Amino acid sequence: MNVIGNKWVFKDKLDEQGVIVRNKARLVAKGYNQEEGIDYGKTYAPVARLEVVRLLLAYACMNGFKLHQMDVKSTFLNGYIDEEVYVCQSPGFEDHKHPNYVFKLKKALYGLKQAPRQWYERLSNFLLSHAYERGKTDKTLFIKKTFNDIILVQVCCSYAGRI
Amino acid sequence: MILFWFKFVAAMQGEFEMSMMGELNYFLGLQIKQLNHGTFLSQTKYCKELLKKFDMENCKEISTPMATNCYLDSDEKGTSVDQTKYRGLIGSLLYLTTSRPNIMFSVCLCARFQSNPKESHFTATKRILKYSQGTTNVGLCYKATREVFCN
């Protein structure tokens with residue numbers, strides 16, 4: 001069993017003129033220390049190809065749909081993990097009384113090998129439970145139909161769209 | 001139809017922390033305009049950033065991506081160029097083909113020499129950049145029609 005280190009990544013968000021509009025901080029796990037079979041199992045996660053996005057645009061246009069975009073905040077933190085993964089106390093937030101304690105993860109962190117997969121898993125389960133159908137070829141397309149309505153949801157690394 | 005959309009939004013917001021970004025207009029470097037008569041897809045911003053990244057933002061424009069008499073071979077006697085930079089340039093140009101399929105041939109031709117890029121290959125690749133300098137605004141237009149057209 002490995003204890004995974006972590007660190008803070010700080011980033012300034014710029015607008016079009018290059019002015020700093022927001023300071024971002026993100027806790028990332030040092031996933032490169034994870035051992036296969038112990039700290040993670042499968043890591044494959046489907047991602048929509050750019051050609052698919054273009055196809056969706058063309059299809060939506062042909063049928064007169066308007067595409068909308070939405071964004072899940074801190075996406076990968078939503079995935080639940082199946083393996084037992086322990087992380088160190090994060091820098092700057094150490095507990096001085098118990099410096100040797102570590103955290104057991106319930107959800108994924110950025111940087112973990114299984115993070116993208118677990119996120120896809122969670123999202124697809126959610127959509128499937130809401131009677132969406134997964135695309136047979138493109139596993140990132142979800143469709144729901146009634147008599148005369150249709151909703152298409154394309155899942156990209158940070159995206160979902162439709163009407 | 002709208003009801004369907006609202007239901008979806010409500011369900012998603014109930015489950016995850018979401019931010020609504022409204023109509024799709026900018027996504028992964030693709031600028032998308034959804035109009036009543038069609039959809040227009042371009043990469044103007046991406047293209048300008050690409051030119052800047054390779055210090056070509058003030059370069060001259062050329063009307064074609066490749067010379068008519070262009071002949072490229074492995075050019076073993078030529079001077080080598082930085083392979084990492086060459087590969088980076090090819091990768092960036094490949095992304096640009098999303099809204100610009102017309103440069104696909106020239107980019108792919110240049111891409112064949114990635115294992116040992118020479119000055120001559122680099123010059124040919126930079127010509128594509130010069131071409132894109134003059135055509136940053138072009139893109140793909142999908143017309144809102146069900147007619148299938150082929151020529």
# chains A, B, ... in the order shown; residues from 1 in each chain; ligands from 1
>>> select_by_dssp(residues="region 25-146 of chain B", states="strand (DSSP E)", output="ChimeraX atom specification")
/B:26-27,30-35,38-42,139-143
>>> write_last_selection(atoms="C-alpha atoms", output="JSON list (two decimals), in the first residue's frame")
[["chain", "number", "residue", "atom", "x", "y", "z"],
["B", 26, "TYR", "CA", -16.54, 28.76, -27.71],
["B", 27, "PHE", "CA", -15.30, 25.31, -26.99],
["B", 30, "LEU", "CA", -13.41, 26.28, -31.64],
["B", 31, "GLN", "CA", -15.43, 29.42, -32.17],
["B", 32, "ILE", "CA", -19.00, 28.46, -32.96],
["B", 33, "LYS", "CA", -21.69, 30.77, -34.24],
["B", 34, "GLN", "CA", -25.18, 29.32, -34.24],
["B", 35, "LEU", "CA", -27.40, 31.32, -36.54],
["B", 38, "GLY", "CA", -26.65, 27.73, -40.32],
["B", 39, "THR", "CA", -23.69, 27.16, -38.04],
["B", 40, "PHE", "CA", -20.28, 28.66, -38.59],
["B", 41, "LEU", "CA", -17.18, 27.08, -37.14],
["B", 42, "SER", "CA", -13.80, 28.85, -37.04],
["B", 139, "GLY", "CA", -13.90, 28.28, -41.34],
["B", 140, "LEU", "CA", -16.63, 25.77, -41.98],
["B", 141, "CYS", "CA", -20.23, 26.68, -42.59],
["B", 142, "TYR", "CA", -23.01, 24.19, -42.02],
["B", 143, "LYS", "CA", -26.22, 25.24, -43.68]]
>>> residues_around(residues="region 47-56 of chain A", least_positions_apart="6", cutoff="9 Å", atoms="only C-alpha atoms", output="list in words")
Tyr120, Asp138, Lys139, Thr140, Leu141, Leu152, Gln154, Val155, Cys156 and Cys157 of chain A; Leu41, Tyr95, Thr98 and Ser99 of chain B
>>> select_by_dssp(residues="chain A", states="alpha helix (DSSP H)", output="list in words")
Leu50, Glu51, Val52, Val53, Arg54, Leu55, Leu56, Leu57, Ala58, Tyr59, Ala60, Cys61, Met62, Ala115, Pro116, Arg117, Gln118, Trp119, Tyr120, Glu121, Arg122, Leu123, Ser124, Asn125, Phe126, Leu127, Leu128 and Ser129 of chain A
>>> write_last_selection(atoms="C-alpha atoms", output="short mmCIF file (atom, residue, chain, number, x, y, z; two decimals), in the first residue's frame")
data_model
loop_
_atom_site.label_atom_id
_atom_site.label_comp_id
_atom_site.auth_asym_id
_atom_site.auth_seq_id
_atom_site.Cartn_x
_atom_site.Cartn_y
_atom_site.Cartn_z
CA LEU A 50 -13.03 16.36 -32.18
CA GLU A 51 -14.57 14.83 -35.29
CA VAL A 52 -17.50 13.80 -33.16
CA VAL A 53 -17.94 17.36 -31.97
CA ARG A 54 -17.97 18.54 -35.55
CA LEU A 55 -20.48 15.87 -36.47
CA LEU A 56 -22.70 16.93 -33.61
CA LEU A 57 -22.53 20.54 -34.81
CA ALA A 58 -23.52 19.52 -38.32
CA TYR A 59 -26.33 17.30 -37.10
CA ALA A 60 -27.69 19.93 -34.74
CA CYS A 61 -27.54 22.52 -37.49
CA MET A 62 -29.34 20.31 -39.99
CA ALA A 115 -9.80 9.99 -11.77
CA PRO A 116 -11.01 10.40 -15.39
CA ARG A 117 -12.47 6.92 -15.50
CA GLN A 118 -14.28 7.27 -12.21
CA TRP A 119 -15.75 10.56 -13.32
CA TYR A 120 -16.99 9.04 -16.57
CA GLU A 121 -18.39 6.13 -14.58
CA ARG A 122 -20.30 8.40 -12.25
CA LEU A 123 -21.67 10.61 -15.01
CA SER A 124 -22.69 7.73 -17.25
CA ASN A 125 -24.40 5.92 -14.39
CA PHE A 126 -26.26 9.09 -13.56
CA LEU A 127 -27.41 9.61 -17.13
CA LEU A 128 -28.31 5.94 -17.64
CA SER A 129 -30.40 6.01 -14.48
#
>>> atom_distance(atom1="CA of Pro117 (chain B)", atom2="CA of Leu96 (chain B)")
20.6 Å
>>> residues_around(residues="region 1-18 of chain B", least_positions_apart="6", cutoff="12 Å", atoms="only C-alpha atoms", output="ChimeraX atom specification")
/A:65-79,119,122-127,129-132,142-153,158-163
>>> write_last_selection(atoms="N, CA and C atoms", output="tab-separated table (two decimals), in the first residue's frame")
chain	number	residue	atom	x	y	z
A	65	PHE	N	-31.45	22.39	-34.20
A	65	PHE	CA	-31.30	22.41	-32.75
A	65	PHE	C	-30.38	23.55	-32.36
A	66	LYS	N	-30.58	24.07	-31.18
A	66	LYS	CA	-29.60	25.00	-30.62
A	66	LYS	C	-28.77	24.23	-29.58
A	67	LEU	N	-27.46	24.32	-29.71
A	67	LEU	CA	-26.61	23.63	-28.75
A	67	LEU	C	-26.31	24.54	-27.56
A	68	HIS	N	-26.37	23.95	-26.40
A	68	HIS	CA	-26.02	24.71	-25.20
A	68	HIS	C	-24.84	24.02	-24.53
A	69	GLN	N	-24.14	24.80	-23.76
A	69	GLN	CA	-22.94	24.28	-23.13
A	69	GLN	C	-23.08	24.41	-21.62
A	70	MET	N	-22.65	23.40	-20.93
A	70	MET	CA	-22.60	23.53	-19.48
A	70	MET	C	-21.35	22.86	-18.96
A	71	ASP	N	-21.02	23.21	-17.75
A	71	ASP	CA	-19.72	22.83	-17.23
A	71	ASP	C	-19.89	22.30	-15.82
A	72	VAL	N	-19.28	21.18	-15.53
A	72	VAL	CA	-19.31	20.67	-14.16
A	72	VAL	C	-18.10	21.21	-13.44
A	73	LYS	N	-18.35	21.81	-12.29
A	73	LYS	CA	-17.22	22.41	-11.55
A	73	LYS	C	-16.35	21.34	-10.92
A	74	SER	N	-15.07	21.58	-10.94
A	74	SER	CA	-14.05	20.64	-10.44
A	74	SER	C	-14.48	19.18	-10.67
A	75	THR	N	-14.61	18.90	-11.96
A	75	THR	CA	-15.17	17.65	-12.46
A	75	THR	C	-14.69	16.39	-11.76
A	76	PHE	N	-13.36	16.21	-11.76
A	76	PHE	CA	-12.82	14.92	-11.32
A	76	PHE	C	-13.04	14.66	-9.84
A	77	LEU	N	-13.31	15.72	-9.08
A	77	LEU	CA	-13.54	15.52	-7.65
A	77	LEU	C	-14.86	14.81	-7.40
A	78	ASN	N	-15.68	14.65	-8.45
A	78	ASN	CA	-16.99	14.01	-8.29
A	78	ASN	C	-16.93	12.49	-8.35
A	79	GLY	N	-15.85	11.95	-8.90
A	79	GLY	CA	-15.80	10.50	-9.08
A	79	GLY	C	-15.56	9.76	-7.76
A	119	TRP	N	-14.83	9.47	-13.00
A	119	TRP	CA	-15.75	10.56	-13.32
A	119	TRP	C	-16.69	10.13	-14.43
A	122	ARG	N	-19.25	7.76	-13.05
A	122	ARG	CA	-20.30	8.40	-12.25
A	122	ARG	C	-21.30	9.11	-13.15
A	123	LEU	N	-20.78	9.86	-14.12
A	123	LEU	CA	-21.67	10.61	-15.01
A	123	LEU	C	-22.52	9.68	-15.85
A	124	SER	N	-21.91	8.61	-16.38
A	124	SER	CA	-22.69	7.73	-17.25
A	124	SER	C	-23.74	6.98	-16.44
A	125	ASN	N	-23.39	6.57	-15.22
A	125	ASN	CA	-24.40	5.92	-14.39
A	125	ASN	C	-25.56	6.84	-14.10
A	126	PHE	N	-25.22	8.10	-13.86
A	126	PHE	CA	-26.26	9.09	-13.56
A	126	PHE	C	-27.20	9.26	-14.76
A	127	LEU	N	-26.59	9.40	-15.94
A	127	LEU	CA	-27.41	9.61	-17.13
A	127	LEU	C	-28.22	8.36	-17.47
A	129	SER	N	-29.31	6.15	-15.44
A	129	SER	CA	-30.40	6.01	-14.48
A	129	SER	C	-31.54	6.98	-14.78
A	130	HIS	N	-31.26	8.01	-15.56
A	130	HIS	CA	-32.30	8.94	-15.98
A	130	HIS	C	-32.82	8.59	-17.37
A	131	ALA	N	-32.72	7.33	-17.73
A	131	ALA	CA	-33.28	6.81	-18.99
A	131	ALA	C	-32.61	7.38	-20.23
A	132	TYR	N	-31.37	7.79	-20.11
A	132	TYR	CA	-30.61	8.15	-21.30
A	132	TYR	C	-29.99	6.89	-21.87
A	142	PHE	N	-24.97	10.59	-25.28
A	142	PHE	CA	-26.14	10.05	-24.58
A	142	PHE	C	-27.40	10.66	-25.18
A	143	ILE	N	-28.38	9.81	-25.41
A	143	ILE	CA	-29.59	10.26	-26.09
A	143	ILE	C	-30.82	9.89	-25.28
A	144	LYS	N	-31.78	10.79	-25.27
A	144	LYS	CA	-33.08	10.47	-24.68
A	144	LYS	C	-34.15	10.93	-25.65
A	145	LYS	N	-35.10	10.05	-25.90
A	145	LYS	CA	-36.14	10.35	-26.89
A	145	LYS	C	-37.51	10.14	-26.30
A	146	THR	N	-38.45	10.99	-26.68
A	146	THR	CA	-39.87	10.68	-26.49
A	146	THR	C	-40.49	10.79	-27.87
A	147	PHE	N	-41.83	10.87	-27.96
A	147	PHE	CA	-42.47	10.82	-29.30
A	147	PHE	C	-41.86	11.84	-30.25
A	148	ASN	N	-41.79	13.08	-29.80
A	148	ASN	CA	-41.30	14.06	-30.74
A	148	ASN	C	-40.19	14.94	-30.18
A	149	ASP	N	-39.68	14.56	-29.06
A	149	ASP	CA	-38.56	15.31	-28.50
A	149	ASP	C	-37.33	14.45	-28.45
A	150	ILE	N	-36.20	15.10	-28.59
A	150	ILE	CA	-34.95	14.37	-28.45
A	150	ILE	C	-33.95	15.28	-27.75
A	151	ILE	N	-33.17	14.69	-26.89
A	151	ILE	CA	-32.09	15.46	-26.27
A	151	ILE	C	-30.80	14.67	-26.45
A	152	LEU	N	-29.79	15.35	-26.93
A	152	LEU	CA	-28.49	14.72	-27.13
A	152	LEU	C	-27.53	15.31	-26.12
A	153	VAL	N	-26.79	14.47	-25.46
A	153	VAL	CA	-25.78	14.97	-24.53
A	153	VAL	C	-24.43	14.42	-24.96
A	158	SER	N	-14.79	18.35	-20.65
A	158	SER	CA	-15.36	19.36	-19.75
A	158	SER	C	-16.63	19.93	-20.36
A	159	TYR	N	-17.50	19.06	-20.84
A	159	TYR	CA	-18.58	19.63	-21.63
A	159	TYR	C	-19.80	18.75	-21.81
A	160	ALA	N	-20.95	19.38	-21.90
A	160	ALA	CA	-22.17	18.69	-22.29
A	160	ALA	C	-23.05	19.66	-23.04
A	161	GLY	N	-23.70	19.21	-24.05
A	161	GLY	CA	-24.44	20.19	-24.85
A	161	GLY	C	-25.75	19.67	-25.37
A	162	ARG	N	-26.55	20.59	-25.84
A	162	ARG	CA	-27.79	20.20	-26.52
A	162	ARG	C	-28.80	21.33	-26.66
A	163	ILE	N	-29.83	21.42	-27.16
A	163	ILE	CA	-31.27	21.20	-27.16
A	163	ILE	C	-31.57	20.36	-28.35
>>> atom_distance(atom1="CA of Thr64 (chain B)", atom2="CA of Tyr131 (chain B)")
5.8 Å
